[in-house]
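Reading through the structure tokens given below for one structure.
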Amino acid sequence: MTSKTLHVDLGDRSYPIHIGPDLMTDSELLQTRIRGQQVMIVTNETIAPLYLAKMEQALVGKTVATVVLPDGEKFKNLETLNLVFDALLQQRFNRTVTLVALGGGVVGDMTGFAAACYQRGVDFVQVPTTLLSQVDSSVGGKTGVNHPQGKNMIGAFYQPRSVLIDTNTLRSLPDREFAAGMAEVIKYGLIADADFFAWLEANVSALMARDEDALQHAIAVSCETKAWVVAQDEREGGIRAILNLGHTFGHAIETATQYTSYLHGEAVAVGMLMAMDLSHRMGAVTLDDCQRTQRLIEACGLPTKSPEGMNIDQFMTLMSVDKKVLDGSLRLVLLEKLGKAYVGNEFSADALQDTLGAFCH
Ligand code: NAD
Ligand code: GLY
């Protein structure tokens, strides 16, 4: 199978996204976007035994060092970030160093932020290894770490020099993590591309069986849509917010359950159904489209209800502190129709209560 290259158009900070099997070993593809001699691979203890040797091989000829971080969202903090700075300084790496993020969204977000900060900014390359990071977090330049008072609260917009998506890495991804990534893939159909949504419905079995061709297509269309949105609105002053479909509801679920119940993608899956339900109650989106989405989400093995024990009051309290509350009114990503999203506050309090009630047990 041939690989595919897309572009994120951001003027002099534009970069390619390469998608295909075995790209991690394509030394030329990787090295053309690395300007200096020094390279620091940032990865974690789960991914290192699987892919570090391959990555090192692809970097032959460079001066390569590695820092292996502990695995998990709970380590996405300033303390762990410091391990990257410690390693860079220990190697005496200077401003010409390139950081290579080898891992999922946690590694990618932290590596990008380390690159933004080290000696006031050095290059970095994304080599995402989860479906979620391949279709979402590795593209667009949102980088950062969590603070005890909030997720992703410390960070920077900082674009990579390239994104290298080796679809073979998905073979080792646990089923639950794969399904969580599918939620973000479905998101692109819902917000911007009804034809892609229909393609997903027709090909969900192939995707869940991790068919190479189907996966490469789904990842490419997802990245294309993300690149199109980011090119218009890099710093989320407007349209980029549609990428957060279902995320306000999803964040409430994650916070209420202290990140122990649903993975991010699972919470987003439920959140997207809630956003569609609310859109339907307000006279947009047909009931048929809500049901089609529910069937697709179920076919991916994703949840369709909030976790046991969550109630309407909890949702209301947690959603009111969400980042999208502007001037006291809750703004949500809603659908005008399947394939077209917008951000607004034109929904009635009663409709919101009804939606919350419908998704609580
Ligand atoms: P993750 O990085 O925690 O990876 C999930 C698990 O899979 C980890 O245990 C990881 O070690 C393991 N893993 C990764 N690749 C593997 C592989 N190929 N084989 C086997 N195991 C593998 O989670 P994620 O879902 O990739 O990313 C979630 C993070 O992404 C969150 O911190 C979230 O805030 C962030 N995020 C950022 C953006 C953005 O725009 N920057 C967008 C969405 C999410
Ligand atoms: N994941 C949302 C964004 O990149 O804006």
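Letters A, B, ... go to the chains of the structure tokens in the order shown; residues in each chain start at 1; ligands are counted from 1 in the same order.
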
For Gly357 of chain A: contacts at 10 Å, only C-alpha atoms, fewer than 6 positions along chain excluded, given as a PDB file with all heavy atoms, in the first residue's frame:
```pdb
ATOM      1  N   ASN A 311     -25.617  12.288  37.818  1.00  0.00           N
ATOM      2  CA  ASN A 311     -26.952  12.876  37.702  1.00  0.00           C
ATOM      3  C   ASN A 311     -26.924  14.258  37.028  1.00  0.00           C
ATOM      4  O   ASN A 311     -25.848  14.799  36.755  1.00  0.00           O
ATOM      5  CB  ASN A 311     -27.631  12.939  39.082  1.00  0.00           C
ATOM      6  CG  ASN A 311     -26.803  13.764  40.060  1.00  0.00           C
ATOM      7  OD1 ASN A 311     -26.289  14.832  39.705  1.00  0.00           O
ATOM      8  ND2 ASN A 311     -26.640  13.261  41.271  1.00  0.00           N
ATOM      9  N   ILE A 312     -28.126  14.792  36.781  1.00  0.00           N
ATOM     10  CA  ILE A 312     -28.257  16.050  36.037  1.00  0.00           C
ATOM     11  C   ILE A 312     -27.539  17.193  36.762  1.00  0.00           C
ATOM     12  O   ILE A 312     -26.842  18.009  36.141  1.00  0.00           O
ATOM     13  CB  ILE A 312     -29.755  16.404  35.843  1.00  0.00           C
ATOM     14  CG1 ILE A 312     -30.425  15.325  35.004  1.00  0.00           C
ATOM     15  CG2 ILE A 312     -29.922  17.776  35.193  1.00  0.00           C
ATOM     16  CD1 ILE A 312     -31.916  15.533  34.767  1.00  0.00           C
ATOM     17  N   ASP A 313     -27.675  17.254  38.086  1.00  0.00           N
ATOM     18  CA  ASP A 313     -27.052  18.353  38.848  1.00  0.00           C
ATOM     19  C   ASP A 313     -25.530  18.342  38.689  1.00  0.00           C
ATOM     20  O   ASP A 313     -24.905  19.387  38.545  1.00  0.00           O
ATOM     21  CB  ASP A 313     -27.403  18.240  40.339  1.00  0.00           C
ATOM     22  CG  ASP A 313     -28.863  18.581  40.576  1.00  0.00           C
ATOM     23  OD1 ASP A 313     -29.479  19.163  39.649  1.00  0.00           O
ATOM     24  OD2 ASP A 313     -29.372  18.248  41.656  1.00  0.00           O
ATOM     25  N   PHE A 315     -23.837  17.191  36.167  1.00  0.00           N
ATOM     26  CA  PHE A 315     -23.538  17.686  34.814  1.00  0.00           C
ATOM     27  C   PHE A 315     -23.599  19.208  34.797  1.00  0.00           C
ATOM     28  O   PHE A 315     -22.694  19.880  34.294  1.00  0.00           O
ATOM     29  CB  PHE A 315     -24.549  17.135  33.792  1.00  0.00           C
ATOM     30  CG  PHE A 315     -24.074  15.886  33.083  1.00  0.00           C
ATOM     31  CD1 PHE A 315     -24.641  14.649  33.368  1.00  0.00           C
ATOM     32  CD2 PHE A 315     -23.084  15.950  32.127  1.00  0.00           C
ATOM     33  CE1 PHE A 315     -24.215  13.507  32.707  1.00  0.00           C
ATOM     34  CE2 PHE A 315     -22.649  14.807  31.454  1.00  0.00           C
ATOM     35  CZ  PHE A 315     -23.219  13.577  31.761  1.00  0.00           C
ATOM     36  N   ALA A 351     -34.585  22.179  27.357  1.00  0.00           N
ATOM     37  CA  ALA A 351     -34.089  21.158  26.418  1.00  0.00           C
ATOM     38  C   ALA A 351     -32.801  20.541  26.957  1.00  0.00           C
ATOM     39  O   ALA A 351     -32.588  19.327  26.877  1.00  0.00           O
ATOM     40  CB  ALA A 351     -33.857  21.784  25.042  1.00  0.00           C
TER      41      ALA A 351
END
```

Shell of 8 Å around ligand 1 (only C-alpha atoms and all ligand atoms), written as a ChimeraX atom specification: /A:44-47,50,71-73,76,103-109,128-133,136-145,151-152,169-174,177,180-181,263-265

Backbone DSSP call of strand (DSSP E) for segment 54-227 of chain A, listed as number ranges by chain: A: 63-69, 98-103, 123-128, 142-147, 150-157, 162-166

Output for the residues just chosen: N, CA, C and O atoms as a short mmCIF file (atom, residue, chain, number, x, y, z; two decimals), in the first residue's frame:
```cif
data_model
loop_
_atom_site.label_atom_id
_atom_site.label_comp_id
_atom_site.auth_asym_id
_atom_site.auth_seq_id
_atom_site.Cartn_x
_atom_site.Cartn_y
_atom_site.Cartn_z
N THR A 63 22.96 12.21 16.30
CA THR A 63 23.35 11.99 17.70
C THR A 63 22.06 11.87 18.50
O THR A 63 21.35 12.85 18.72
N VAL A 64 21.74 10.62 18.88
CA VAL A 64 20.41 10.35 19.43
C VAL A 64 20.46 9.99 20.92
O VAL A 64 21.26 9.15 21.33
N ALA A 65 19.62 10.62 21.70
CA ALA A 65 19.44 10.22 23.10
C ALA A 65 17.94 9.99 23.32
O ALA A 65 17.12 10.41 22.50
N THR A 66 17.61 9.31 24.41
CA THR A 66 16.19 8.97 24.66
C THR A 66 15.83 9.26 26.10
O THR A 66 16.65 9.03 27.00
N VAL A 67 14.61 9.74 26.30
CA VAL A 67 14.10 9.82 27.66
C VAL A 67 12.79 9.03 27.70
O VAL A 67 11.92 9.21 26.86
N VAL A 68 12.72 8.09 28.65
CA VAL A 68 11.55 7.21 28.77
C VAL A 68 10.74 7.66 30.00
O VAL A 68 11.21 7.57 31.13
N LEU A 69 9.52 8.13 29.73
CA LEU A 69 8.68 8.68 30.81
C LEU A 69 7.78 7.58 31.37
O LEU A 69 7.50 6.59 30.68
N THR A 98 16.28 18.44 17.91
CA THR A 98 14.89 18.13 17.54
C THR A 98 14.37 17.08 18.50
O THR A 98 15.04 16.06 18.72
N LEU A 99 13.19 17.34 19.08
CA LEU A 99 12.56 16.33 19.93
C LEU A 99 11.64 15.48 19.06
O LEU A 99 10.93 16.01 18.20
N VAL A 100 11.65 14.17 19.29
CA VAL A 100 10.76 13.27 18.56
C VAL A 100 9.78 12.66 19.57
O VAL A 100 10.21 11.98 20.51
N ALA A 101 8.49 12.95 19.39
CA ALA A 101 7.47 12.42 20.30
C ALA A 101 7.03 11.07 19.78
O ALA A 101 6.32 10.99 18.77
N LEU A 102 7.40 10.01 20.46
CA LEU A 102 7.04 8.65 20.06
C LEU A 102 6.04 8.10 21.08
O LEU A 102 6.43 7.63 22.15
N GLY A 103 4.74 8.19 20.74
CA GLY A 103 3.74 7.70 21.67
C GLY A 103 2.37 8.25 21.38
O GLY A 103 2.13 8.82 20.30
N ASP A 123 12.83 22.52 17.55
CA ASP A 123 11.96 21.74 16.65
C ASP A 123 11.44 20.47 17.33
O ASP A 123 12.11 19.91 18.20
N PHE A 124 10.26 20.04 16.87
CA PHE A 124 9.82 18.70 17.28
C PHE A 124 9.02 18.04 16.16
O PHE A 124 8.45 18.71 15.30
N VAL A 125 9.05 16.70 16.21
CA VAL A 125 8.37 15.88 15.22
C VAL A 125 7.42 14.95 15.98
O VAL A 125 7.78 14.43 17.04
N GLN A 126 6.22 14.76 15.43
CA GLN A 126 5.26 13.86 16.08
C GLN A 126 5.27 12.50 15.39
O GLN A 126 5.12 12.43 14.16
N VAL A 127 5.44 11.44 16.18
CA VAL A 127 5.28 10.08 15.66
C VAL A 127 4.20 9.42 16.53
O VAL A 127 4.50 8.67 17.48
N PRO A 128 2.93 9.71 16.23
CA PRO A 128 1.84 9.25 17.10
C PRO A 128 1.56 7.75 16.95
O PRO A 128 1.58 7.23 15.83
N LYS A 142 -1.63 21.95 19.60
CA LYS A 142 -1.97 22.16 21.01
C LYS A 142 -1.05 21.29 21.84
O LYS A 142 -1.03 20.06 21.68
N THR A 143 -0.27 21.91 22.72
CA THR A 143 0.67 21.14 23.55
C THR A 143 0.47 21.55 25.00
O THR A 143 -0.06 22.63 25.27
N GLY A 144 0.88 20.71 25.92
CA GLY A 144 0.76 21.13 27.32
C GLY A 144 0.72 19.98 28.30
O GLY A 144 0.85 18.81 27.94
N VAL A 145 0.53 20.37 29.56
CA VAL A 145 0.43 19.40 30.66
C VAL A 145 -0.76 19.78 31.54
O VAL A 145 -1.31 20.88 31.42
N ASN A 146 -1.12 18.88 32.44
CA ASN A 146 -2.22 19.13 33.36
C ASN A 146 -1.72 19.85 34.61
O ASN A 146 -0.54 19.76 34.97
N HIS A 147 -2.63 20.54 35.29
CA HIS A 147 -2.36 21.15 36.59
C HIS A 147 -3.34 20.50 37.56
O HIS A 147 -4.43 20.08 37.12
N GLY A 150 -6.76 21.56 36.86
CA GLY A 150 -7.43 21.47 35.56
C GLY A 150 -6.57 20.80 34.50
O GLY A 150 -5.34 20.93 34.49
N LYS A 151 -7.28 20.09 33.59
CA LYS A 151 -6.60 19.35 32.51
C LYS A 151 -6.09 20.32 31.45
O LYS A 151 -6.77 21.27 31.08
N ASN A 152 -4.89 20.07 30.98
CA ASN A 152 -4.27 20.86 29.89
C ASN A 152 -4.22 22.36 30.19
O ASN A 152 -4.33 23.18 29.29
N MET A 153 -4.10 22.70 31.48
CA MET A 153 -4.18 24.12 31.85
C MET A 153 -2.86 24.87 31.62
O MET A 153 -2.84 26.10 31.58
N ILE A 154 -1.76 24.15 31.49
CA ILE A 154 -0.46 24.80 31.25
C ILE A 154 0.01 24.34 29.87
O ILE A 154 0.22 23.14 29.67
N GLY A 155 0.16 25.27 28.94
CA GLY A 155 0.56 24.81 27.61
C GLY A 155 0.81 25.92 26.63
O GLY A 155 0.84 27.10 27.00
N ALA A 156 0.97 25.53 25.38
CA ALA A 156 1.28 26.51 24.33
C ALA A 156 0.77 25.98 23.00
O ALA A 156 0.67 24.76 22.81
N PHE A 157 0.46 26.89 22.09
CA PHE A 157 0.26 26.48 20.71
C PHE A 157 1.64 26.42 20.08
O PHE A 157 2.36 27.43 20.06
N SER A 162 6.90 18.04 11.49
CA SER A 162 6.19 17.07 10.65
C SER A 162 5.46 16.07 11.55
O SER A 162 5.76 15.97 12.75
N VAL A 163 4.51 15.37 10.94
CA VAL A 163 3.78 14.31 11.65
C VAL A 163 3.95 13.04 10.82
O VAL A 163 3.63 13.03 9.63
N LEU A 164 4.47 12.00 11.46
CA LEU A 164 4.74 10.76 10.75
C LEU A 164 3.83 9.68 11.36
O LEU A 164 4.07 9.23 12.48
N ILE A 165 2.80 9.29 10.61
CA ILE A 165 1.82 8.33 11.14
C ILE A 165 2.09 6.95 10.55
O ILE A 165 1.80 6.69 9.38
N ASP A 166 2.66 6.09 11.37
CA ASP A 166 2.92 4.71 10.95
C ASP A 166 1.72 3.88 11.39
O ASP A 166 1.56 3.58 12.58
#
```

Near-Glu254 of chain A list (12 Å; only C-alpha atoms; drop same-chain fewer than 2 positions) as a VMD selection string: chain A and resid 150 to 151 247 to 252 256 to 268 270 to 271 306 to 307 310 314 to 315 318 to 319

For those residues, write N, CA and C atoms to a file as a PDB file, in the first residue's frame.
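Result went into again14.pdb, see below:
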```
ATOM      1  N   GLY A 150      -6.763  21.564  36.862  1.00  0.00           N
ATOM      2  CA  GLY A 150      -7.427  21.465  35.560  1.00  0.00           C
ATOM      3  C   GLY A 150      -6.569  20.802  34.500  1.00  0.00           C
ATOM      4  N   LYS A 151      -7.284  20.086  33.594  1.00  0.00           N
ATOM      5  CA  LYS A 151      -6.605  19.347  32.509  1.00  0.00           C
ATOM      6  C   LYS A 151      -6.085  20.316  31.449  1.00  0.00           C
ATOM      7  N   HIS A 247     -17.295  17.473  23.758  1.00  0.00           N
ATOM      8  CA  HIS A 247     -16.251  17.535  24.782  1.00  0.00           C
ATOM      9  C   HIS A 247     -16.724  18.192  26.082  1.00  0.00           C
ATOM     10  N   THR A 248     -17.674  19.142  26.012  1.00  0.00           N
ATOM     11  CA  THR A 248     -18.147  19.778  27.252  1.00  0.00           C
ATOM     12  C   THR A 248     -18.889  18.746  28.109  1.00  0.00           C
ATOM     13  N   PHE A 249     -19.761  17.976  27.460  1.00  0.00           N
ATOM     14  CA  PHE A 249     -20.434  16.885  28.185  1.00  0.00           C
ATOM     15  C   PHE A 249     -19.386  15.848  28.631  1.00  0.00           C
ATOM     16  N   GLY A 250     -18.469  15.549  27.729  1.00  0.00           N
ATOM     17  CA  GLY A 250     -17.450  14.525  28.011  1.00  0.00           C
ATOM     18  C   GLY A 250     -16.554  14.919  29.180  1.00  0.00           C
ATOM     19  N   HIS A 251     -16.139  16.193  29.215  1.00  0.00           N
ATOM     20  CA  HIS A 251     -15.286  16.637  30.329  1.00  0.00           C
ATOM     21  C   HIS A 251     -16.027  16.516  31.656  1.00  0.00           C
ATOM     22  N   ALA A 252     -17.337  16.810  31.628  1.00  0.00           N
ATOM     23  CA  ALA A 252     -18.123  16.686  32.871  1.00  0.00           C
ATOM     24  C   ALA A 252     -18.088  15.228  33.345  1.00  0.00           C
ATOM     25  N   ALA A 256     -16.382  14.197  36.831  1.00  0.00           N
ATOM     26  CA  ALA A 256     -17.259  13.618  37.866  1.00  0.00           C
ATOM     27  C   ALA A 256     -16.730  12.269  38.326  1.00  0.00           C
ATOM     28  N   THR A 257     -16.138  11.532  37.400  1.00  0.00           N
ATOM     29  CA  THR A 257     -15.664  10.196  37.739  1.00  0.00           C
ATOM     30  C   THR A 257     -14.150  10.177  37.971  1.00  0.00           C
ATOM     31  N   GLN A 258     -13.581  11.372  38.086  1.00  0.00           N
ATOM     32  CA  GLN A 258     -12.138  11.549  38.326  1.00  0.00           C
ATOM     33  C   GLN A 258     -11.284  10.723  37.368  1.00  0.00           C
ATOM     34  N   TYR A 259     -11.700  10.707  36.109  1.00  0.00           N
ATOM     35  CA  TYR A 259     -10.939  10.060  35.030  1.00  0.00           C
ATOM     36  C   TYR A 259     -10.775   8.552  35.239  1.00  0.00           C
ATOM     37  N   THR A 260     -11.599   7.951  36.096  1.00  0.00           N
ATOM     38  CA  THR A 260     -11.409   6.526  36.389  1.00  0.00           C
ATOM     39  C   THR A 260     -12.422   5.648  35.668  1.00  0.00           C
ATOM     40  N   SER A 261     -13.460   6.267  35.080  1.00  0.00           N
ATOM     41  CA  SER A 261     -14.543   5.455  34.544  1.00  0.00           C
ATOM     42  C   SER A 261     -14.432   5.288  33.032  1.00  0.00           C
ATOM     43  N   TYR A 262     -14.492   6.390  32.303  1.00  0.00           N
ATOM     44  CA  TYR A 262     -14.407   6.341  30.846  1.00  0.00           C
ATOM     45  C   TYR A 262     -13.081   6.929  30.370  1.00  0.00           C
ATOM     46  N   LEU A 263     -12.539   6.356  29.301  1.00  0.00           N
ATOM     47  CA  LEU A 263     -11.422   7.002  28.607  1.00  0.00           C
ATOM     48  C   LEU A 263     -11.961   8.265  27.939  1.00  0.00           C
ATOM     49  N   HIS A 264     -11.057   9.178  27.580  1.00  0.00           N
ATOM     50  CA  HIS A 264     -11.475  10.439  26.958  1.00  0.00           C
ATOM     51  C   HIS A 264     -12.397  10.192  25.750  1.00  0.00           C
ATOM     52  N   GLY A 265     -11.987   9.317  24.856  1.00  0.00           N
ATOM     53  CA  GLY A 265     -12.779   9.057  23.647  1.00  0.00           C
ATOM     54  C   GLY A 265     -14.141   8.464  23.989  1.00  0.00           C
ATOM     55  N   GLU A 266     -14.206   7.644  25.026  1.00  0.00           N
ATOM     56  CA  GLU A 266     -15.490   7.065  25.440  1.00  0.00           C
ATOM     57  C   GLU A 266     -16.426   8.162  25.956  1.00  0.00           C
ATOM     58  N   ALA A 267     -15.858   9.079  26.753  1.00  0.00           N
ATOM     59  CA  ALA A 267     -16.662  10.194  27.275  1.00  0.00           C
ATOM     60  C   ALA A 267     -17.116  11.099  26.128  1.00  0.00           C
ATOM     61  N   VAL A 268     -16.251  11.288  25.140  1.00  0.00           N
ATOM     62  CA  VAL A 268     -16.598  12.125  23.987  1.00  0.00           C
ATOM     63  C   VAL A 268     -17.713  11.451  23.166  1.00  0.00           C
ATOM     64  N   VAL A 270     -20.188   9.587  24.239  1.00  0.00           N
ATOM     65  CA  VAL A 270     -21.466   9.886  24.901  1.00  0.00           C
ATOM     66  C   VAL A 270     -21.805  11.370  24.714  1.00  0.00           C
ATOM     67  N   GLY A 271     -20.776  12.221  24.869  1.00  0.00           N
ATOM     68  CA  GLY A 271     -20.981  13.668  24.740  1.00  0.00           C
ATOM     69  C   GLY A 271     -21.493  14.054  23.350  1.00  0.00           C
ATOM     70  N   SER A 306     -24.148   8.041  30.092  1.00  0.00           N
ATOM     71  CA  SER A 306     -23.163   8.481  31.088  1.00  0.00           C
ATOM     72  C   SER A 306     -22.945   7.348  32.102  1.00  0.00           C
ATOM     73  N   PRO A 307     -21.827   7.398  32.842  1.00  0.00           N
ATOM     74  CA  PRO A 307     -21.569   6.294  33.787  1.00  0.00           C
ATOM     75  C   PRO A 307     -22.639   6.220  34.875  1.00  0.00           C
ATOM     76  N   MET A 310     -24.099   9.082  37.726  1.00  0.00           N
ATOM     77  CA  MET A 310     -24.005  10.518  37.410  1.00  0.00           C
ATOM     78  C   MET A 310     -25.395  11.104  37.246  1.00  0.00           C
ATOM     79  N   GLN A 314     -24.969  17.151  38.732  1.00  0.00           N
ATOM     80  CA  GLN A 314     -23.510  17.046  38.551  1.00  0.00           C
ATOM     81  C   GLN A 314     -23.092  17.590  37.186  1.00  0.00           C
ATOM     82  N   PHE A 315     -23.837  17.191  36.167  1.00  0.00           N
ATOM     83  CA  PHE A 315     -23.538  17.686  34.814  1.00  0.00           C
ATOM     84  C   PHE A 315     -23.599  19.208  34.797  1.00  0.00           C
ATOM     85  N   LEU A 318     -20.660  20.906  36.667  1.00  0.00           N
ATOM     86  CA  LEU A 318     -19.355  20.742  36.012  1.00  0.00           C
ATOM     87  C   LEU A 318     -19.312  21.438  34.659  1.00  0.00           C
ATOM     88  N   MET A 319     -20.427  21.446  33.956  1.00  0.00           N
ATOM     89  CA  MET A 319     -20.430  22.099  32.640  1.00  0.00           C
ATOM     90  C   MET A 319     -20.342  23.612  32.770  1.00  0.00           C
TER      91      MET A 319
END
```

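Across the model, the gap from atom CA of Ser348 of chain A to atom CA of Leu273 of chain A is 17.6 Å.
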
Residue list (helix (DSSP H, G or I), DSSP) for segment 8-188 of chain A, as number ranges by chain: A: 11-13, 23-25, 27-31, 48-58, 73-75, 78-90, 105-120, 131-137, 167-172, 175-188

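Between atom CA of Ala209 of chain A and atom CA of Ile19 of chain A lies a distance of 18.7 Å.
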
Spatial neighbours of Leu338 of chain A, max dist 9 Å, only C-alpha atoms, sep filter under 3 positions, as a PDB file with N, CA, C and O atoms, in the first residue's frame:
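Output contents, as saved in out.pdb:
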```pdb
ATOM      1  N   GLY A 189     -16.790  13.171  10.850  1.00  0.00           N
ATOM      2  CA  GLY A 189     -17.959  12.996   9.987  1.00  0.00           C
ATOM      3  C   GLY A 189     -19.097  13.886  10.463  1.00  0.00           C
ATOM      4  O   GLY A 189     -19.740  14.575   9.672  1.00  0.00           O
ATOM      5  N   LEU A 190     -19.310  13.880  11.772  1.00  0.00           N
ATOM      6  CA  LEU A 190     -20.435  14.644  12.317  1.00  0.00           C
ATOM      7  C   LEU A 190     -20.271  16.145  12.128  1.00  0.00           C
ATOM      8  O   LEU A 190     -21.217  16.843  11.788  1.00  0.00           O
ATOM      9  N   ILE A 191     -19.063  16.651  12.345  1.00  0.00           N
ATOM     10  CA  ILE A 191     -18.907  18.117  12.312  1.00  0.00           C
ATOM     11  C   ILE A 191     -18.746  18.674  10.903  1.00  0.00           C
ATOM     12  O   ILE A 191     -19.064  19.836  10.656  1.00  0.00           O
ATOM     13  N   ALA A 192     -18.225  17.859   9.964  1.00  0.00           N
ATOM     14  CA  ALA A 192     -17.834  18.480   8.698  1.00  0.00           C
ATOM     15  C   ALA A 192     -18.044  17.653   7.440  1.00  0.00           C
ATOM     16  O   ALA A 192     -17.826  18.189   6.352  1.00  0.00           O
ATOM     17  N   ASP A 193     -18.470  16.395   7.539  1.00  0.00           N
ATOM     18  CA  ASP A 193     -18.394  15.584   6.330  1.00  0.00           C
ATOM     19  C   ASP A 193     -19.402  14.419   6.386  1.00  0.00           C
ATOM     20  O   ASP A 193     -19.057  13.310   6.810  1.00  0.00           O
ATOM     21  N   ALA A 194     -20.618  14.689   5.923  1.00  0.00           N
ATOM     22  CA  ALA A 194     -21.680  13.666   5.976  1.00  0.00           C
ATOM     23  C   ALA A 194     -21.334  12.455   5.101  1.00  0.00           C
ATOM     24  O   ALA A 194     -21.696  11.320   5.434  1.00  0.00           O
ATOM     25  N   PHE A 197     -19.123  10.266   7.066  1.00  0.00           N
ATOM     26  CA  PHE A 197     -19.926   9.566   8.076  1.00  0.00           C
ATOM     27  C   PHE A 197     -20.569   8.321   7.454  1.00  0.00           C
ATOM     28  O   PHE A 197     -20.522   7.232   8.029  1.00  0.00           O
ATOM     29  N   MET A 276     -25.967  15.905  19.960  1.00  0.00           N
ATOM     30  CA  MET A 276     -26.907  15.675  18.851  1.00  0.00           C
ATOM     31  C   MET A 276     -28.336  15.652  19.360  1.00  0.00           C
ATOM     32  O   MET A 276     -29.247  16.189  18.729  1.00  0.00           O
ATOM     33  N   VAL A 285     -30.943  18.630  13.263  1.00  0.00           N
ATOM     34  CA  VAL A 285     -30.638  17.187  13.265  1.00  0.00           C
ATOM     35  C   VAL A 285     -31.879  16.283  13.412  1.00  0.00           C
ATOM     36  O   VAL A 285     -32.599  16.379  14.401  1.00  0.00           O
ATOM     37  N   THR A 286     -32.044  15.392  12.474  1.00  0.00           N
ATOM     38  CA  THR A 286     -33.211  14.505  12.529  1.00  0.00           C
ATOM     39  C   THR A 286     -33.007  13.384  13.553  1.00  0.00           C
ATOM     40  O   THR A 286     -31.865  13.045  13.895  1.00  0.00           O
ATOM     41  N   ASP A 289     -30.842  10.730  12.160  1.00  0.00           N
ATOM     42  CA  ASP A 289     -29.387  10.972  12.245  1.00  0.00           C
ATOM     43  C   ASP A 289     -28.860  10.689  13.657  1.00  0.00           C
ATOM     44  O   ASP A 289     -27.744  10.193  13.824  1.00  0.00           O
ATOM     45  N   CYS A 290     -29.663  11.005  14.675  1.00  0.00           N
ATOM     46  CA  CYS A 290     -29.258  10.669  16.052  1.00  0.00           C
ATOM     47  C   CYS A 290     -29.133   9.152  16.185  1.00  0.00           C
ATOM     48  O   CYS A 290     -28.177   8.633  16.776  1.00  0.00           O
ATOM     49  N   LEU A 335     -25.025  20.710  16.339  1.00  0.00           N
ATOM     50  CA  LEU A 335     -25.076  20.408  14.900  1.00  0.00           C
ATOM     51  C   LEU A 335     -26.283  21.087  14.265  1.00  0.00           C
ATOM     52  O   LEU A 335     -27.394  21.019  14.805  1.00  0.00           O
ATOM     53  N   ALA A 341     -21.331  21.595  11.976  1.00  0.00           N
ATOM     54  CA  ALA A 341     -21.377  21.987  13.392  1.00  0.00           C
ATOM     55  C   ALA A 341     -21.216  23.495  13.541  1.00  0.00           C
ATOM     56  O   ALA A 341     -20.707  24.165  12.655  1.00  0.00           O
TER      57      ALA A 341
END
```

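Distances here use only C-alpha atoms and all ligand atoms; by that measure, the residue among A:Arg33, A:His280, A:Lys187, A:Lys4 closest to ligand 2 is A:Lys187.
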